[in-house]
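Enquirer: Below is one structure. I have some questions about it.
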Amino acid sequence: MNQTNPIILVLYYSRHGATRKLAELIAQGIESVPGVDARLRTVPAVSSVAEATAPAIPAAGAPYVEAQDLAECAGLALGSPTRFGNMAASLKYFLDGTAAEWLAGTLAGKPAVVFTSTGSLHGGQESTLLSMMIPLLHHGMMIMGLPYSNPELMTTTSGGTPYGPTHWAGVDGDKPVSDDEKRLAVATGRRLAETAARLHGPRQGAH
């Protein structure tokens, strides 16, 4: 990873791995853009048991996100499985703790996309994506969707929305990511990276 390259933070929560698959595909799309790096991060699970604590380092997968990741990123891809048409509590808990970054404008002016997975085909994908946009708008981020120039939006029989890439994981979470879902996730990462690279570059005529 080149430390001078703009970094796109791919931040997700995944209980059974379906959302993580989308995150990895989005990261693949990001890194298909020359000069842009993806940084995969996750959040700890929350527990109803007050004494329960997560390990400092996850047993598997991406490291836990830190405030520095938000400060260093040039763009953000935010993902969560659907919980009753909303983001998972673990991701919401993390976002609720970003008041310092909100006050400092850490994420203001940076592009962002959202993504999700559900067990059922009509399990609240679009409402989850829309709910995830709200805290990012409060942070002053520039929300990006998926344009219909991506033909998979018209042909998909699984996941995929103009609000962001999605995956229909099935009741047991074992449905593979479809070809259309893959293309839309990669296209989202590429589009986010291209936009962040343009915004991150030197401003023309700056003094």
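Naming scheme: A, B, ... for chains in displayed order of the structure tokens; residues 1 onward per chain; ligands 1 onward as shown.
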Near Lys92 (chain A), counting only C-alpha atoms, which residues have an atom at most 10 Å away, once you skip same-chain residues fewer than 5 positions from it, shown as a list in words?

Expert: Tyr13, Val43, Val46, Ser80, Asn86, Met87, Gly97, Met132 and Pro135 of chain A

Enquirer: Find the residues around region 66-68 of chain A up to 9 Å (only C-alpha atoms counted), leave out those fewer than 5 positions away in its own chain, and share them as a list in words.

Expert: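 The filter keeps Arg41, Cys73, Thr98 and Glu101 of chain A.
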
Enquirer: Which residues, written as a PyMOL selection string, have at least one atom at most 7 Å from Leu78 (chain A), with only C-alpha atoms counted and residues fewer than 6 positions away on the same chain left out?

Expert: chain A and resi 10-12+113-115

Enquirer: Write the residues of the selection above to a file with C-alpha atoms, as a JSON list (two decimals), in the first residue's frame.

Expert:
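Printed below is result.json as written:
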```json
[["chain", "number", "residue", "atom", "x", "y", "z"],
["A", 10, "VAL", "CA", -14.65, -0.19, 3.57],
["A", 11, "LEU", "CA", -16.33, -0.43, 6.96],
["A", 12, "TYR", "CA", -18.81, -3.22, 7.62],
["A", 113, "VAL", "CA", -21.68, 4.46, -0.59],
["A", 114, "VAL", "CA", -23.74, 1.98, 1.43],
["A", 115, "PHE", "CA", -24.37, -1.75, 1.01]]
```

Enquirer: Write out as a count of residues only each polymer residue whose atoms come within 8 Å of Ala27 (chain A), counting only C-alpha atoms; drop sequence neighbours fewer than 2 positions from it.

Expert: 12

Enquirer: Of the residues A:Phe84, A:Ala185, A:Leu199, A:Thr4, which is the one nearest to Gln28 (chain A), using only C-alpha atoms?

Expert: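 Checking each candidate against Gln28 (chain A), we get A:Ala185 as the closest.
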
Enquirer: Near Gly173 (chain A), within 12 Å and counting only C-alpha atoms, which residues show up once chain neighbours fewer than 6 positions away are dropped, as a list in words?

Expert: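 Once the adjacent positions are removed, what remains is Ser14, Arg15, His16, Gly17, Ala18, Thr19, Arg20, Lys21, Pro81, Ser117, Thr118, Gly119, Ser120, Leu121 and His167 of chain A.
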
Enquirer: Show me, as a list in words, the residues that have an atom within 9 Å of Glu152 (chain A) when counting only C-alpha atoms, minus same-chain residues fewer than 5 positions from it.

Expert: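 Contacts, in chain order: Gly160, Asp179, Asp180, Glu181, Arg183 and Leu184 of chain A.
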
Enquirer: Can I get the selection written as a short mmCIF file (atom, residue, chain, number, x, y, z; two decimals), in the first residue's frame, with C-alpha atoms?

Expert:
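This is the output file result-v8.cif:
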```cif
data_model
loop_
_atom_site.label_atom_id
_atom_site.label_comp_id
_atom_site.auth_asym_id
_atom_site.auth_seq_id
_atom_site.Cartn_x
_atom_site.Cartn_y
_atom_site.Cartn_z
CA GLY A 160 -28.83 -4.89 -6.49
CA ASP A 179 -22.94 -12.59 -11.00
CA ASP A 180 -25.14 -9.49 -11.11
CA GLU A 181 -24.50 -8.77 -7.42
CA ARG A 183 -20.68 -6.79 -10.94
CA LEU A 184 -22.69 -4.16 -9.11
#
```

Enquirer: Do you have the CA of Gly79 (chain A)-CA of Gly201 (chain A) distance handy?

Expert: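 Atom-to-atom, CA of Gly79 (chain A) and CA of Gly201 (chain A) are spaced 26.1 Å apart.
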
Enquirer: For each of A:Ala62, A:Ala74, A:Ala99, A:Leu22, take the minimum atom-to-atom distance to Ala169 (chain A), counting only C-alpha atoms, then give the residue where this is smallest.

Expert: A:Leu22

Enquirer: Nearest residue to Thr157 (chain A) out of A:Ala88, A:Leu137, A:Leu76, A:Val177, using only C-alpha atoms?

Expert: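 Between A:Ala88, A:Leu137, A:Leu76, A:Val177, the residue approaching Thr157 (chain A) most closely is A:Val177.
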
Enquirer: Return the single residue from A:Pro176, A:Gly85, A:Gly123, A:Gly140 that is closest to Pro111 (chain A), with distances computed using only C-alpha atoms.

Expert: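 So, comparing all the options, the nearest one is A:Gly140.
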